[in-house]
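Chemist: Please find one structure pasted underneath; my questions will follow.
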2 protein chains.
Amino acid sequence: MTTQQLINQIHKKQSFLCIGLDVDLNKIPAHLLEKEDPIFEFNKAIIDATHHLCVAYKPNTAFYEAYGIKGWKALDKTISYLNEKHPEIFTIADAKRGDIGNTSTMYAKAFFEDLAFDSVTVAPYMGKDSVEPFLAFENKHTIMLALTSNQGAFDFQTKETAGTELYKKVISTSKTWQNSENLMYVVGATKASYLGEIRQLIPDSFLLVPGVGAQGGNLEEVCHYGMSANIGLLINSSRGIIYASHGTDFAEAAATKAAELQVNMASILQKKSQG
Amino acid sequence: MTTQQLINQIHKKQSFLCIGLDVDLNKIPAHLLEKEDPIFEFNKAIIDATHHLCVAYKPNTAFYEAYGIKGWKALDKTISYLNEKHPEIFTIADAKRGDIGNTSTMYAKAFFEDLAFDSVTVAPYMGKDSVEPFLAFENKHTIMLALTSNQGAFDFQTKETAGTELYKKVISTSKTWQNSENLMYVVGATKASYLGEIRQLIPDSFLLVPGVGAQGGNLEEVCHYGMSANIGLLINSSRGIIYASHGTDFAEAAATKAAELQVNMASILQKKSQG
């Protein structure tokens with residue numbers, strides 16, 4: 001998918017919502033556990049109920065790997081279902097991968113070719129030759145960790161590094177890499193005020209913003225500091241949507257929560273287009 | 001496995017060799033491609049031929065994920081084979097994972113429980129709460145990236161951060177984390193001279209050292225700077241061993257290459273015990 005196709009979808013749906021598909025068998029409704037593939041059945045129901053309200057889905061690979069082969073099969077079925085039924089939706093493998101060149105190419109093949117995701121999240125610690133192999137894939141997007149939403153972000157990411165904070169050094173260095181136009185960045189909503197400074201470094205790049213809702217980030221504040229001329233934001237919510245109810249009405253409850261966010265996003269987009 | 005069991009095995013086998021099982025279907029002997037599970041058959045033959053010469057095996061997950069469900073099954077079969085036939089051997093899932101707390105616990109379950117590896121490699125960028133969930137597992141080991149063997153290591157890892165190099169900041173900070181005694185560290189052999197300084201920070205921790213052989217690292221130099229009182233080194237070789245021959249004699253050729261390294265290691269251990 002091209003970035004322009006993503007932007008078009010945002011305008012059409014009046015939404016820049018990404019729904020995180022982090023399926024924990026201990027948290028899904030009990031009646032699904034009797035199905036042959038409870039994880040996929042849960043995802044399918046969530047997708048069927050929310051696809052008109054969001055522009056992206058983001059399965060976190062940890063939740064699938066934890067169930068071994070069964071989990072990997074559920075991930076495969078989920079992305080296949082998305083690509084078949086809703087090819088216009090942007091898909092993110094939240095995998096936070098990264099390795100030396102040759103090995104990163106194997107990861108890129110796993111997520112871009114075998115599973116056919118539109119994008120994958122990567123970690124920056126190993127530098128240029130660990131990320132460039134992902135960037136070489138045409139019309140695929142590599143979403144690099146910059147400033148994450150957790151407390152541990154303050155351990156290294158915000159530390160002064162080579163004259164600036166590490167996360168800024170990561171962002172500015174990454175702009176020099178080959179095919180850097182295929183980069184997006186993870187910036188946590190819990191650090192909304194940092195977004196203004198980040199926008200000075202990357203005025204146009206898309207940012208994937210986790211942490212709205214359950215982790216305490218504020219949608220209006222994120223948009224105030226982080227929205228670009230081309231929107232440039234994907235706001236992720238996982239638990240706040242998919243676990244809105246633990247009953248048989250879980251999909252409807254998820255749609256209600258997603259609709260609340262979508263309505264707020266539509267209002268923000270409308271104000272922006274008028275402003 | 002406890003660290004002491006690993007040390008005992010090193011003394012018994014007179015080896016601190018780790019063999020990387022990075023199986024690329026384009027590089028394995030053609031006759032294996034006719035088998036139902038070529039990746040597992042390759043690994044099984046390598047393990048059968050080399051298990052007496054090494055103390056650890058390290059499959060890199062990228063090479064399995066690239067083949068989707070088939071690849072994940074081959075990984076599952078490989079670790080099961082190792083745990084059944086050679087339970088004394090230390091197993092490393094080279095996965096370089098890391099995510100926010102809850103999610104890192106799912107990764108830890110994937111590798112420590114579902115696949116039953118003794119250890120997993122992790123990336124430090126997200127800080128304390130991304131690594132501590134791994135450290136909570138008893139008699140399991142978490143091998144954190146410190147200074148990697150690739151060129152990209154110079155992008156961030158060696159940059160001055162909070163008054164020292166980032167990789168040193170990562171190491172010293174990690175020592176304050178809960179259950180930090182379960183940490184080991186990745187330090188590339190191509191940066192052997194850095195090992196002396198690293199040993200001042202972590203005199204006793206085990207270091208996983210990739211980069212000997214194909215990447216140009218030197219065994220004697222690594223041991224000179226990096227060996228601790230309790231050895232404290234696992235030297236990894238992947239391509240140099242497993243792709244020593246592309247013919248039907250691949251396993252014997254791998255054993256020959258592994259034996260060359262083991263003989264050098266035995267000589268180093270002997271000198272050490274005499275010195």
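Scheme for the structure tokens: letters A, B, ... for chains in order shown; per-chain residue numbers from 1; ligand numbers from 1 in order shown.
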Write out as a CSV table (one decimal) with C-alpha atoms, in the first residue's frame every residue belonging to chain A that has an atom at most 6 Å from any atom of chain B, counting only C-alpha atoms.

Modeler:
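Saved result, iface_8.csv, follows:
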```csv
chain,number,residue,atom,x,y,z
A,62,ALA,CA,4.0,-11.7,21.0
A,63,PHE,CA,0.4,-12.7,21.6
A,65,GLU,CA,4.0,-16.6,19.4
A,66,ALA,CA,3.0,-17.3,23.0
A,106,MET,CA,14.7,-12.9,6.5
A,107,TYR,CA,12.4,-11.0,8.9
A,109,LYS,CA,10.4,-11.7,4.0
A,110,ALA,CA,8.5,-13.2,6.9
A,126,MET,CA,21.6,-2.2,15.9
A,127,GLY,CA,21.6,0.7,13.5
A,128,LYS,CA,21.5,1.3,9.7
A,129,ASP,CA,22.3,-2.2,8.4
A,152,GLY,CA,11.4,2.2,30.4
A,153,ALA,CA,11.6,4.8,27.6
A,155,ASP,CA,16.1,4.5,30.7
A,160,GLU,CA,21.4,12.9,26.1
A,161,THR,CA,23.3,11.1,23.3
A,162,ALA,CA,25.8,12.8,21.0
```

Chemist: Looking only at the backbone, which of the residues in segment 26-270 of chain A does DSSP tag as strand (DSSP E), as a PDB file with N, CA and C atoms, in the first residue's frame?

Modeler:
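Result saved to out-v2.pdb:
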```
ATOM      1  N   ALA A  56      -6.508   0.864  10.167  1.00  0.00           N
ATOM      2  CA  ALA A  56      -5.389  -0.076  10.334  1.00  0.00           C
ATOM      3  C   ALA A  56      -5.679  -1.083  11.437  1.00  0.00           C
ATOM      4  N   TYR A  57      -5.113  -2.277  11.276  1.00  0.00           N
ATOM      5  CA  TYR A  57      -5.106  -3.276  12.353  1.00  0.00           C
ATOM      6  C   TYR A  57      -3.658  -3.638  12.646  1.00  0.00           C
ATOM      7  N   LYS A  58      -3.409  -3.877  13.927  1.00  0.00           N
ATOM      8  CA  LYS A  58      -2.030  -4.145  14.354  1.00  0.00           C
ATOM      9  C   LYS A  58      -1.994  -5.344  15.309  1.00  0.00           C
ATOM     10  N   PRO A  59      -1.815  -6.550  14.790  1.00  0.00           N
ATOM     11  CA  PRO A  59      -1.574  -7.679  15.682  1.00  0.00           C
ATOM     12  C   PRO A  59      -0.162  -7.587  16.259  1.00  0.00           C
ATOM     13  N   PHE A  90      -4.761  -0.794   6.179  1.00  0.00           N
ATOM     14  CA  PHE A  90      -3.313  -0.854   6.409  1.00  0.00           C
ATOM     15  C   PHE A  90      -3.039  -1.857   7.528  1.00  0.00           C
ATOM     16  N   THR A  91      -2.113  -2.775   7.291  1.00  0.00           N
ATOM     17  CA  THR A  91      -1.836  -3.810   8.295  1.00  0.00           C
ATOM     18  C   THR A  91      -0.427  -3.676   8.846  1.00  0.00           C
ATOM     19  N   ILE A  92      -0.331  -3.804  10.155  1.00  0.00           N
ATOM     20  CA  ILE A  92       0.943  -3.614  10.855  1.00  0.00           C
ATOM     21  C   ILE A  92       1.275  -4.871  11.653  1.00  0.00           C
ATOM     22  N   ALA A  93       2.393  -5.490  11.358  1.00  0.00           N
ATOM     23  CA  ALA A  93       2.904  -6.573  12.206  1.00  0.00           C
ATOM     24  C   ALA A  93       3.733  -5.916  13.302  1.00  0.00           C
ATOM     25  N   ASP A  94       3.186  -5.892  14.512  1.00  0.00           N
ATOM     26  CA  ASP A  94       3.927  -5.245  15.596  1.00  0.00           C
ATOM     27  C   ASP A  94       4.888  -6.272  16.182  1.00  0.00           C
ATOM     28  N   ALA A  95       6.066  -6.310  15.616  1.00  0.00           N
ATOM     29  CA  ALA A  95       7.016  -7.398  15.873  1.00  0.00           C
ATOM     30  C   ALA A  95       8.311  -6.885  16.499  1.00  0.00           C
ATOM     31  N   LYS A  96       8.596  -5.598  16.331  1.00  0.00           N
ATOM     32  CA  LYS A  96       9.777  -4.949  16.922  1.00  0.00           C
ATOM     33  C   LYS A  96      11.053  -5.752  16.637  1.00  0.00           C
ATOM     34  N   ARG A  97      11.217  -6.160  15.381  1.00  0.00           N
ATOM     35  CA  ARG A  97      12.359  -6.959  14.990  1.00  0.00           C
ATOM     36  C   ARG A  97      13.586  -6.093  14.689  1.00  0.00           C
ATOM     37  N   SER A 119       3.228  -3.440   6.709  1.00  0.00           N
ATOM     38  CA  SER A 119       4.282  -2.789   7.496  1.00  0.00           C
ATOM     39  C   SER A 119       4.693  -3.682   8.661  1.00  0.00           C
ATOM     40  N   VAL A 120       5.846  -3.333   9.233  1.00  0.00           N
ATOM     41  CA  VAL A 120       6.335  -4.064  10.405  1.00  0.00           C
ATOM     42  C   VAL A 120       7.039  -3.065  11.314  1.00  0.00           C
ATOM     43  N   THR A 121       6.934  -3.276  12.617  1.00  0.00           N
ATOM     44  CA  THR A 121       7.689  -2.417  13.534  1.00  0.00           C
ATOM     45  C   THR A 121       9.077  -3.012  13.764  1.00  0.00           C
ATOM     46  N   VAL A 122      10.075  -2.115  13.881  1.00  0.00           N
ATOM     47  CA  VAL A 122      11.460  -2.552  14.096  1.00  0.00           C
ATOM     48  C   VAL A 122      12.101  -1.739  15.224  1.00  0.00           C
ATOM     49  N   HIS A 141       6.141  -0.587   4.498  1.00  0.00           N
ATOM     50  CA  HIS A 141       6.522   0.472   5.440  1.00  0.00           C
ATOM     51  C   HIS A 141       7.173  -0.124   6.682  1.00  0.00           C
ATOM     52  N   THR A 142       8.204   0.561   7.142  1.00  0.00           N
ATOM     53  CA  THR A 142       8.962   0.105   8.296  1.00  0.00           C
ATOM     54  C   THR A 142       8.772   1.128   9.403  1.00  0.00           C
ATOM     55  N   ILE A 143       8.200   0.671  10.494  1.00  0.00           N
ATOM     56  CA  ILE A 143       7.815   1.592  11.575  1.00  0.00           C
ATOM     57  C   ILE A 143       8.808   1.406  12.718  1.00  0.00           C
ATOM     58  N   MET A 144       9.705   2.393  12.869  1.00  0.00           N
ATOM     59  CA  MET A 144      10.802   2.242  13.817  1.00  0.00           C
ATOM     60  C   MET A 144      10.462   2.826  15.179  1.00  0.00           C
ATOM     61  N   LEU A 145      10.822   2.111  16.235  1.00  0.00           N
ATOM     62  CA  LEU A 145      10.660   2.632  17.589  1.00  0.00           C
ATOM     63  C   LEU A 145      11.472   3.920  17.714  1.00  0.00           C
ATOM     64  N   ALA A 146      10.825   4.989  18.171  1.00  0.00           N
ATOM     65  CA  ALA A 146      11.557   6.225  18.461  1.00  0.00           C
ATOM     66  C   ALA A 146      11.421   6.499  19.954  1.00  0.00           C
ATOM     67  N   LEU A 147      10.215   6.884  20.369  1.00  0.00           N
ATOM     68  CA  LEU A 147       9.981   7.202  21.778  1.00  0.00           C
ATOM     69  C   LEU A 147       8.759   6.408  22.221  1.00  0.00           C
ATOM     70  N   GLU A 160      20.634  12.028  27.019  1.00  0.00           N
ATOM     71  CA  GLU A 160      21.447  12.854  26.117  1.00  0.00           C
ATOM     72  C   GLU A 160      22.486  11.992  25.395  1.00  0.00           C
ATOM     73  N   THR A 161      22.390  11.978  24.081  1.00  0.00           N
ATOM     74  CA  THR A 161      23.272  11.142  23.255  1.00  0.00           C
ATOM     75  C   THR A 161      23.814  11.971  22.107  1.00  0.00           C
ATOM     76  N   THR A 164      22.133  15.342  21.811  1.00  0.00           N
ATOM     77  CA  THR A 164      20.670  15.465  21.820  1.00  0.00           C
ATOM     78  C   THR A 164      20.095  14.230  22.531  1.00  0.00           C
ATOM     79  N   GLU A 165      18.768  14.118  22.618  1.00  0.00           N
ATOM     80  CA  GLU A 165      18.225  12.892  23.222  1.00  0.00           C
ATOM     81  C   GLU A 165      18.384  11.738  22.241  1.00  0.00           C
ATOM     82  N   LEU A 183      10.027   4.928   5.942  1.00  0.00           N
ATOM     83  CA  LEU A 183      10.010   4.868   7.410  1.00  0.00           C
ATOM     84  C   LEU A 183       8.805   5.583   7.996  1.00  0.00           C
ATOM     85  N   MET A 184       8.223   4.966   9.013  1.00  0.00           N
ATOM     86  CA  MET A 184       7.311   5.620   9.934  1.00  0.00           C
ATOM     87  C   MET A 184       7.935   5.431  11.319  1.00  0.00           C
ATOM     88  N   TYR A 185       7.358   6.064  12.339  1.00  0.00           N
ATOM     89  CA  TYR A 185       7.980   6.016  13.670  1.00  0.00           C
ATOM     90  C   TYR A 185       6.936   5.754  14.754  1.00  0.00           C
ATOM     91  N   VAL A 186       7.344   5.015  15.772  1.00  0.00           N
ATOM     92  CA  VAL A 186       6.490   4.818  16.950  1.00  0.00           C
ATOM     93  C   VAL A 186       6.801   5.928  17.955  1.00  0.00           C
ATOM     94  N   VAL A 187       5.768   6.672  18.321  1.00  0.00           N
ATOM     95  CA  VAL A 187       5.902   7.691  19.371  1.00  0.00           C
ATOM     96  C   VAL A 187       4.716   7.542  20.322  1.00  0.00           C
ATOM     97  N   LEU A 207       3.330   8.777  12.073  1.00  0.00           N
ATOM     98  CA  LEU A 207       3.676   8.310  13.410  1.00  0.00           C
ATOM     99  C   LEU A 207       2.616   7.320  13.871  1.00  0.00           C
ATOM    100  N   LEU A 208       3.052   6.197  14.378  1.00  0.00           N
ATOM    101  CA  LEU A 208       2.154   5.231  15.008  1.00  0.00           C
ATOM    102  C   LEU A 208       2.182   5.527  16.504  1.00  0.00           C
ATOM    103  N   VAL A 209       1.017   5.881  17.035  1.00  0.00           N
ATOM    104  CA  VAL A 209       0.957   6.387  18.407  1.00  0.00           C
ATOM    105  C   VAL A 209       0.166   5.430  19.310  1.00  0.00           C
ATOM    106  N   LEU A 233      -0.816  10.619  11.321  1.00  0.00           N
ATOM    107  CA  LEU A 233      -0.972   9.926  12.605  1.00  0.00           C
ATOM    108  C   LEU A 233      -1.796   8.662  12.440  1.00  0.00           C
ATOM    109  N   LEU A 234      -1.352   7.614  13.089  1.00  0.00           N
ATOM    110  CA  LEU A 234      -2.185   6.428  13.296  1.00  0.00           C
ATOM    111  C   LEU A 234      -2.243   6.234  14.809  1.00  0.00           C
ATOM    112  N   ILE A 235      -3.431   6.392  15.361  1.00  0.00           N
ATOM    113  CA  ILE A 235      -3.588   6.281  16.808  1.00  0.00           C
ATOM    114  C   ILE A 235      -4.045   4.868  17.133  1.00  0.00           C
ATOM    115  N   ASN A 236      -3.240   4.173  17.912  1.00  0.00           N
ATOM    116  CA  ASN A 236      -3.587   2.785  18.221  1.00  0.00           C
ATOM    117  C   ASN A 236      -4.302   2.651  19.553  1.00  0.00           C
ATOM    118  N   SER A 237      -5.318   1.826  19.569  1.00  0.00           N
ATOM    119  CA  SER A 237      -5.931   1.394  20.823  1.00  0.00           C
ATOM    120  C   SER A 237      -6.109  -0.114  20.737  1.00  0.00           C
TER     121      SER A 237
END
```

Chemist: I'd like the neighbourhood of segment 175-180 of chain B as a PyMOL selection string, where a residue qualifies if any of its atoms comes within 7 Å (using only C-alpha atoms), though same-chain residues fewer than 5 positions away should be ignored.

Modeler: chain B and resi 128+132+135-136

Chemist: Could you tell me how far atom CA of Glu181 of chain B sits from atom CA of Thr2 of chain B, in Å to one decimal place?

Modeler: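 Computing it gives 11.0 Å between the two atoms.
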
Chemist: Would you kindly return, as a tab-separated table (two decimals) with C-alpha atoms, in the first residue's frame, each protein, DNA or RNA residue with an atom no farther than 8 Å from any atom of Gln5 of chain B, considering only C-alpha atoms and excluding same-chain residues fewer than 4 positions away?

Modeler:
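So the final result, stored in out-v6.tsv, reads:
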```tsv
chain	number	residue	atom	x	y	z
B	1	MET	CA	19.54	-24.74	33.21
B	9	GLN	CA	29.59	-28.57	30.60
B	88	GLU	CA	22.67	-30.84	28.89
```
